[in-house]
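See below for data_22.cif, which holds mmCIF, C-alpha atoms and all ligand atoms.
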```cif
data_structure
loop_
_atom_site.label_atom_id
_atom_site.label_comp_id
_atom_site.auth_asym_id
_atom_site.auth_seq_id
_atom_site.Cartn_x
_atom_site.Cartn_y
_atom_site.Cartn_z
CA MET K 233 140.43 93.22 105.63
CA ASP K 234 137.23 91.37 106.65
CA VAL K 235 134.08 93.50 106.59
CA ILE K 236 130.47 92.54 107.33
CA ALA K 237 128.49 93.82 104.35
CA ILE K 238 124.72 94.38 104.38
CA ASP K 239 122.55 95.33 101.39
CA ILE K 240 119.09 96.60 102.35
CA GLY K 241 116.48 96.78 99.59
CA GLY K 242 112.70 97.06 99.53
CA THR K 243 112.23 93.30 99.16
CA LYS K 244 115.33 91.65 100.64
CA ILE K 245 118.21 92.16 103.03
CA ALA K 246 121.43 90.48 101.86
CA SER K 247 124.36 89.98 104.19
CA ALA K 248 127.83 88.48 103.84
CA LEU K 249 131.42 88.66 104.93
CA VAL K 250 133.50 90.51 102.34
CA THR K 251 137.26 90.02 102.38
CA LEU K 252 139.10 92.86 100.68
CA GLY K 253 142.69 92.38 99.62
CA ASP K 254 144.54 92.35 96.35
CA GLY K 255 142.25 91.57 93.43
CA MET K 256 138.65 90.46 93.51
CA PRO K 257 137.00 90.58 96.97
CA ALA K 258 135.85 87.23 98.38
CA ILE K 259 132.27 86.80 99.62
CA GLU K 260 131.41 84.24 102.31
CA HIS K 261 128.48 83.47 104.62
CA TYR K 262 125.99 84.97 102.16
CA GLU K 263 122.40 85.11 103.39
CA SER K 264 119.25 86.75 102.03
CA ILE K 265 116.08 87.34 104.05
CA PRO K 266 112.85 89.21 103.23
CA THR K 267 112.96 92.87 104.29
CA GLU K 268 109.31 92.87 105.48
CA ALA K 269 109.44 96.60 104.75
CA LYS K 270 105.71 97.15 105.25
CA GLN K 271 106.14 96.37 108.95
CA GLY K 272 108.01 99.64 109.39
CA GLY K 273 111.44 101.08 109.96
CA ASP K 274 112.00 99.68 113.47
CA HIS K 275 111.15 96.18 112.27
CA VAL K 276 113.57 96.47 109.33
CA LEU K 277 116.29 97.82 111.62
CA ALA K 278 115.86 94.81 113.95
CA ARG K 279 116.19 92.45 110.98
CA VAL K 280 119.32 94.27 109.78
CA ILE K 281 120.90 94.02 113.25
CA ALA K 282 120.03 90.32 113.41
CA ALA K 283 121.52 89.69 109.94
CA ALA K 284 124.74 91.53 110.83
CA SER K 285 124.97 89.67 114.14
CA ARG K 286 124.70 86.30 112.38
CA VAL K 287 127.66 87.17 110.13
CA GLN K 288 129.54 88.51 113.15
CA GLY K 289 128.97 85.21 114.93
CA LEU K 290 130.54 83.36 111.99
CA ALA K 291 133.35 85.91 111.57
CA PRO K 292 134.17 87.39 114.99
CA ASP K 293 137.33 89.05 113.66
CA ALA K 294 135.47 91.28 111.19
CA GLU K 295 136.68 94.86 111.60
CA GLY K 296 133.42 96.64 110.91
CA ILE K 297 130.19 96.86 108.96
CA GLY K 298 129.60 98.43 105.55
CA VAL K 299 125.96 99.04 104.68
CA SER K 300 124.27 99.62 101.33
CA THR K 301 120.67 100.75 101.72
CA ALA K 302 117.70 102.02 99.76
CA GLY K 303 116.84 105.62 100.50
CA VAL K 304 118.71 108.90 100.74
CA VAL K 305 121.63 108.50 103.14
CA ASP K 306 123.68 111.09 104.98
CA PRO K 307 127.04 109.36 104.62
CA ARG K 308 128.54 111.52 107.38
CA THR K 309 126.18 110.16 110.06
CA GLY K 310 124.77 106.95 108.57
CA ASP K 311 121.23 108.32 109.02
CA ILE K 312 118.47 107.57 106.51
CA VAL K 313 117.40 111.06 105.47
CA TYR K 314 114.47 109.94 103.32
CA ALA K 315 112.92 106.74 102.03
CA ASN K 316 109.94 106.41 99.71
CA GLU K 317 106.66 104.58 100.28
CA ILE K 318 108.25 101.22 99.42
CA MET K 319 109.92 101.36 102.85
CA PRO K 320 107.49 103.19 105.18
CA GLY K 321 109.16 104.52 108.31
CA TRP K 322 112.69 103.81 107.07
CA GLY K 323 113.36 107.53 106.63
CA GLY K 324 114.61 109.01 109.90
CA THR K 325 116.28 105.76 111.02
CA HIS K 326 119.66 106.35 112.67
CA LEU K 327 120.96 103.27 110.91
CA GLY K 328 124.68 103.81 111.38
CA SER K 329 124.61 104.59 115.11
CA GLU K 330 121.96 101.94 115.96
CA LEU K 331 123.80 99.19 114.11
CA SER K 332 127.16 100.24 115.55
CA GLY K 333 125.75 100.25 119.08
CA ALA K 334 124.09 96.85 118.68
CA CYS K 335 127.12 95.08 117.20
CA GLY K 336 129.92 97.00 118.91
CA LEU K 337 131.63 97.67 115.58
CA PRO K 338 132.26 100.79 113.50
CA VAL K 339 129.75 101.23 110.65
CA ARG K 340 129.72 103.14 107.39
CA VAL K 341 126.55 103.53 105.31
CA LEU K 342 125.94 104.55 101.71
CA ASN K 343 123.03 104.55 99.27
CA ASP K 344 122.46 101.26 97.44
CA VAL K 345 122.86 102.70 93.95
CA HIS K 346 126.14 104.27 95.02
CA ALA K 347 127.27 100.98 96.57
CA HIS K 348 126.39 99.06 93.42
CA ALA K 349 128.22 101.62 91.27
CA LEU K 350 131.28 101.56 93.51
CA GLY K 351 131.45 97.77 93.34
CA GLU K 352 131.19 97.75 89.55
CA ALA K 353 133.64 100.64 89.13
CA ARG K 354 136.37 99.12 91.31
CA HIS K 355 135.93 95.38 90.71
CA GLY K 356 133.37 94.83 87.94
CA ALA K 357 132.77 96.25 84.46
CA GLY K 358 134.68 99.44 85.32
CA THR K 359 137.88 97.79 86.51
CA GLY K 360 140.80 99.76 85.14
CA ALA K 361 138.71 102.74 83.99
CA ALA K 362 139.69 106.07 85.53
CA SER K 363 136.08 107.27 85.53
CA CYS K 364 132.69 105.59 85.15
CA LEU K 365 129.12 106.67 84.78
CA CYS K 366 127.04 103.91 86.38
CA VAL K 367 123.31 103.83 85.72
CA ALA K 368 120.76 101.50 87.29
CA VAL K 369 117.40 101.19 85.52
CA GLY K 370 114.68 99.10 87.12
CA THR K 371 111.59 100.19 89.03
CA GLY K 372 113.26 103.59 89.20
CA MET K 373 116.36 105.04 87.65
CA SER K 374 119.45 106.39 89.35
CA GLY K 375 123.19 106.37 89.05
CA ALA K 376 126.56 107.61 90.15
CA PHE K 377 129.54 109.25 88.54
CA ILE K 378 132.77 107.76 89.87
CA ASP K 379 136.00 109.61 89.32
CA ARG K 380 139.29 107.86 90.19
CA GLY K 381 137.56 105.57 92.66
CA PHE K 382 135.50 108.27 94.39
CA ILE K 383 131.74 108.78 94.06
CA VAL K 384 130.89 112.39 93.22
CA LEU K 385 128.45 113.55 95.92
CA GLY K 386 127.86 117.18 94.88
CA ALA K 387 127.10 120.31 96.87
CA HIS K 388 123.75 118.95 98.13
CA ASP K 389 124.54 115.21 98.04
CA VAL K 390 122.31 114.93 94.95
CA ALA K 391 124.83 114.25 92.18
CA GLY K 392 124.12 111.12 90.16
CA HIS K 393 120.32 111.39 90.02
CA ILE K 394 120.41 110.56 86.33
CA GLY K 395 116.76 109.45 86.36
CA HIS K 396 115.90 113.08 86.98
CA VAL K 397 117.40 114.78 83.97
CA GLY K 398 115.30 115.95 81.06
CA CYS K 399 114.67 114.13 77.80
CA THR K 400 112.48 115.01 74.84
CA LEU K 401 110.08 112.04 75.10
CA ALA K 402 109.31 112.93 78.73
CA ALA K 403 108.35 116.55 78.04
CA GLY K 404 105.48 117.56 80.34
CA LEU K 405 105.21 114.20 82.13
CA PRO K 406 105.00 114.42 85.94
CA CYS K 407 107.84 112.64 87.75
CA THR K 408 107.88 110.91 91.17
CA CYS K 409 110.26 113.65 92.39
CA GLY K 410 107.66 116.39 91.87
CA ALA K 411 109.23 117.93 88.79
CA THR K 412 108.24 117.23 85.16
CA GLY K 413 109.95 115.96 82.02
CA HIS K 414 112.41 113.55 83.62
CA VAL K 415 113.77 110.51 81.79
CA GLU K 416 112.70 108.07 84.54
CA THR K 417 109.07 108.62 83.48
CA VAL K 418 109.90 107.10 80.08
CA ALA K 419 112.92 104.82 80.61
CA ALA K 420 112.21 102.92 83.86
CA GLY K 421 110.42 99.57 84.07
CA PRO K 422 106.97 100.88 85.03
CA ALA K 423 107.08 103.26 82.05
CA ILE K 424 107.79 100.37 79.66
CA ALA K 425 104.85 98.44 81.15
CA ALA K 426 102.53 101.46 80.92
CA GLU K 427 103.51 102.11 77.31
CA TYR K 428 102.98 98.44 76.43
CA ILE K 429 99.46 98.57 77.92
CA ARG K 430 98.77 101.82 76.08
CA LEU K 431 99.75 100.14 72.82
CA GLY K 432 97.30 97.28 73.47
CA GLY K 433 99.47 94.84 75.45
CA ASP K 434 98.08 92.93 78.42
CA SER K 435 101.06 92.36 80.74
CA GLU K 436 102.83 94.68 83.15
CA ASP K 437 105.63 92.22 83.90
CA GLY K 438 108.95 93.46 82.52
CA ALA K 439 110.44 90.00 81.95
CA GLU K 440 107.27 88.87 80.14
CA ILE K 441 107.22 92.02 77.97
CA ASP K 442 110.86 91.33 77.08
CA ARG K 443 110.05 87.72 76.22
CA ARG K 444 107.23 88.91 73.96
CA ALA K 445 109.46 91.52 72.29
CA ARG K 446 112.01 88.81 71.47
CA ALA K 447 109.14 86.65 70.11
CA GLY K 448 107.95 89.39 67.75
CA ASP K 449 105.26 91.30 69.68
CA GLU K 450 105.30 94.72 67.98
CA ALA K 451 103.77 96.59 70.93
CA ALA K 452 106.37 95.12 73.30
CA ARG K 453 109.15 96.05 70.89
CA ALA K 454 107.84 99.60 70.52
CA ALA K 455 107.51 100.06 74.30
CA GLN K 456 111.09 98.88 74.85
CA ALA K 457 112.44 100.94 71.97
CA ARG K 458 110.85 104.12 73.36
CA ALA K 459 112.55 103.52 76.72
CA GLY K 460 115.88 102.69 75.07
CA HIS K 461 115.68 105.82 72.96
CA ALA K 462 115.11 108.00 76.02
CA LEU K 463 117.98 106.41 77.93
CA GLY K 464 120.37 106.72 74.98
CA GLU K 465 119.57 110.41 74.64
CA VAL K 466 120.41 111.02 78.28
CA LEU K 467 123.57 108.89 78.18
CA GLY K 468 124.79 110.78 75.13
CA SER K 469 124.18 114.09 76.89
CA MET K 470 125.91 112.88 80.06
CA ALA K 471 128.88 111.58 78.08
CA ASN K 472 129.28 115.03 76.54
CA ALA K 473 129.14 116.68 79.96
CA PHE K 474 131.34 114.30 82.00
CA ASP K 475 133.27 112.22 79.46
CA PRO K 476 133.46 109.00 81.52
CA GLU K 477 135.88 106.34 80.35
CA ALA K 478 133.06 103.78 80.57
CA ILE K 479 129.28 103.75 81.00
CA ILE K 480 127.96 100.80 83.01
CA LEU K 481 124.32 99.74 82.98
CA SER K 482 122.61 97.58 85.58
CA GLY K 483 119.10 96.87 86.83
CA SER K 484 116.33 94.73 85.35
CA VAL K 485 115.70 97.00 82.35
CA ALA K 486 119.35 96.61 81.29
CA ASN K 487 118.56 92.96 80.50
CA CYS K 488 116.14 93.95 77.70
CA GLY K 489 116.84 92.58 74.24
CA HIS K 490 118.11 94.30 71.12
CA HIS K 491 115.00 96.39 70.40
CA TRP K 492 115.85 98.29 73.55
CA SER K 493 119.62 98.36 73.13
CA ASP K 494 119.48 99.20 69.39
CA ALA K 495 117.28 102.22 70.15
CA LEU K 496 119.62 103.21 72.97
CA ARG K 497 122.69 103.08 70.76
CA GLU K 498 120.97 104.96 67.95
CA SER K 499 119.94 107.90 70.13
CA TYR K 500 123.29 107.84 71.95
CA ALA K 501 125.02 108.18 68.59
CA ALA K 502 122.76 111.09 67.64
CA LEU K 503 123.57 113.02 70.83
CA ALA K 504 127.20 112.14 71.54
CA MET K 505 129.96 114.47 70.39
CA LYS K 506 132.66 112.87 68.27
CA PRO K 507 135.30 112.28 71.00
CA VAL K 508 132.79 110.31 73.12
CA ALA K 509 131.02 108.51 70.27
CA ASN K 510 132.83 105.26 71.04
CA THR K 511 132.69 105.38 74.84
CA PRO K 512 131.99 101.77 75.86
CA ILE K 513 128.47 101.13 77.19
CA LEU K 514 128.81 97.95 79.22
CA PRO K 515 126.55 95.70 81.27
CA GLY K 516 127.47 95.30 84.93
CA THR K 517 129.27 92.05 85.69
CA LEU K 518 128.84 91.59 89.46
CA GLY K 519 125.05 91.35 89.82
CA GLY K 520 123.91 91.17 93.44
CA ASP K 521 127.52 91.02 94.69
CA ALA K 522 128.12 94.61 93.53
CA PRO K 523 126.43 96.45 96.44
CA LEU K 524 127.99 94.11 99.01
CA ILE K 525 131.45 94.69 97.56
CA GLY K 526 130.76 98.44 97.33
CA ALA K 527 129.61 98.54 100.97
CA GLY K 528 132.74 96.67 102.03
CA GLU K 529 134.95 99.04 100.05
CA HIS K 530 133.22 102.08 101.56
CA PHE K 531 133.89 100.73 105.03
CA LYS K 532 137.55 100.13 104.22
CA ALA K 533 137.99 103.70 102.98
CA PRO K 534 135.30 106.37 102.45
CA ALA K 535 134.08 106.43 98.86
CA TYR K 536 133.33 110.16 99.04
CA ARG K 537 136.11 112.76 98.93
CA GLU K 538 133.82 114.93 101.06
CA LEU K 539 134.25 112.47 103.97
CA LEU K 540 138.02 112.67 103.98
CA ALA K 541 139.21 115.01 106.69
ZN ZN K 601 112.19 113.38 88.58
#
```
How would this structure read if it were set down as structure tokens?
Amino acid sequence: MDVIAIDIGGTKIASALVTLGDGMPAIEHYESIPTEAKQGGDHVLARVIAAASRVQGLAPDAEGIGVSTAGVVDPRTGDIVYANEIMPGWGGTHLGSELSGACGLPVRVLNDVHAHALGEARHGAGTGAASCLCVAVGTGMSGAFIDRGFIVLGAHDVAGHIGHVGCTLAAGLPCTCGATGHVETVAAGPAIAAEYIRLGGDSEDGAEIDRRARAGDEAARAAQARAGHALGEVLGSMANAFDPEAIILSGSVANCGHHWSDALRESYAALAMKPVANTPILPGTLGGDAPLIGAGEHFKAPAYRELLA
């Protein structure tokens, strides 16, 4: 099946034709354009429609459009329920119906972290695993629990918000969600940068801090280790609760060196119960292809049990 796949992020809109069959999906006609998110939701929607139309022009037989997007999505309607200040005016966009009307094709929409997780679970690091906990750590932190190919949505569509579970190092810290004590405030990229500055460092760039940690900068190492420790604690707790067959990490923070990953594994080991002590913790393997493949898969067949009639 040929599906037009779109991945909408705060900085870029990626589009491609995804061909789903036996084995690894094929990706053709890949294009990436700036989102220009600051120009508002209507502007972004117009760019998304234009990107989808370009792929449609190259692949007129495509059966539909699968969309991965930043923000909270109602997967039943394809509406953007909420988007943060990185994409002003994106919340409230009737993405699914607008895109479907403009292109004359059926559309299915899901959140970008869910799309990424679905791609990795079905065709990337999670291939063959009956269940996966996928966690993305970058500017923010989120995830998805995937059980036998289906993303767990929960009673309020909130399941998988692993950035918003408690950890000891975050006690009392205010979180972007309005609550306090959540792991995102310690484990995400901005938290590593803030801790590095607090310890006397002079860069807020995650890749630069990682380079310095590898070169022996003690403050950079300590900032990364603190974040790794917090993430490991949460992963150990989640493994005890859900017992996934594999844990898959993606996002820019997952590229940190061994000071981060050593701390992660140490605190994971401290928290994990014996049966889950050796659960594999794996890096994602699909990179930017993961959300496109996930969006294509979600179009082919809904990735949420809740959407099955
Ligand atoms: Zn939170």
Which residues come within 12 Å of Ala357 in chain K, counting only C-alpha atoms, excluding same-chain residues fewer than 5 positions away, as a PyMOL selection string?
chain K and resi 348-352+363-366+477-482+512-519+522
Measuring between all atoms listed in the file, which one of K:His491, K:Asp254, K:Ala403, K:Gly358 shows the shortest distance to Ala447 in chain K?
K:His491
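Taking all atoms listed in the file into account, Glu436 in chain K lies nearest to K:Thr371 out of the set K:Leu405, K:Thr371, K:Ser264, K:Leu249.
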Ser493 in chain K surroundings by only C-alpha atoms, 12 Å radius, close-in-sequence under 3 positions cut, as a ChimeraX atom specification
/K:419,442,453,456-464,481,485-490,496-500,513-515
Selection: 10 Å around Ala283 in chain K, all atoms listed in the file, excl. self and same-chain fewer than 3 positions, as a compact mmCIF listing (two decimals) with C-alpha atoms, in the coordinates of the input:
```txt
# COMPACT_ATOMS: atom_id res chain seq x y z
CA ILE K 236 130.47 92.54 107.33
CA ALA K 237 128.49 93.82 104.35
CA ILE K 238 124.72 94.38 104.38
CA ILE K 245 118.21 92.16 103.03
CA ALA K 246 121.43 90.48 101.86
CA SER K 247 124.36 89.98 104.19
CA ALA K 248 127.83 88.48 103.84
CA GLU K 263 122.40 85.11 103.39
CA SER K 264 119.25 86.75 102.03
CA ILE K 265 116.08 87.34 104.05
CA LEU K 277 116.29 97.82 111.62
CA ALA K 278 115.86 94.81 113.95
CA ARG K 279 116.19 92.45 110.98
CA VAL K 280 119.32 94.27 109.78
CA ARG K 286 124.70 86.30 112.38
CA VAL K 287 127.66 87.17 110.13
CA GLN K 288 129.54 88.51 113.15
```
Would you mind listing the residues within 10 Å of ligand ZN 601 (chain K), counting all atoms listed in the file, as an MDAnalysis selection string?
chainID K and resid 372:373 393:398 405:417
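Taking all atoms listed in the file into account, Gly303 in chain K lies nearest to K:Gly242 out of the set K:Gly336, K:Gly242, K:Gly289, K:Gly360.
Distance annotation: of K:Asp437, K:Asp311, K:Asp293, K:Asp449, the residue with the minimal separation from Gly370 in chain K is K:Asp437; atom set is all atoms listed in the file.
When only C-alpha atoms are used to compute distances to Val345 in chain K, the closest of the residues K:Ala473, K:Ala425, K:Leu524, K:Ala455 turns out to be K:Leu524.
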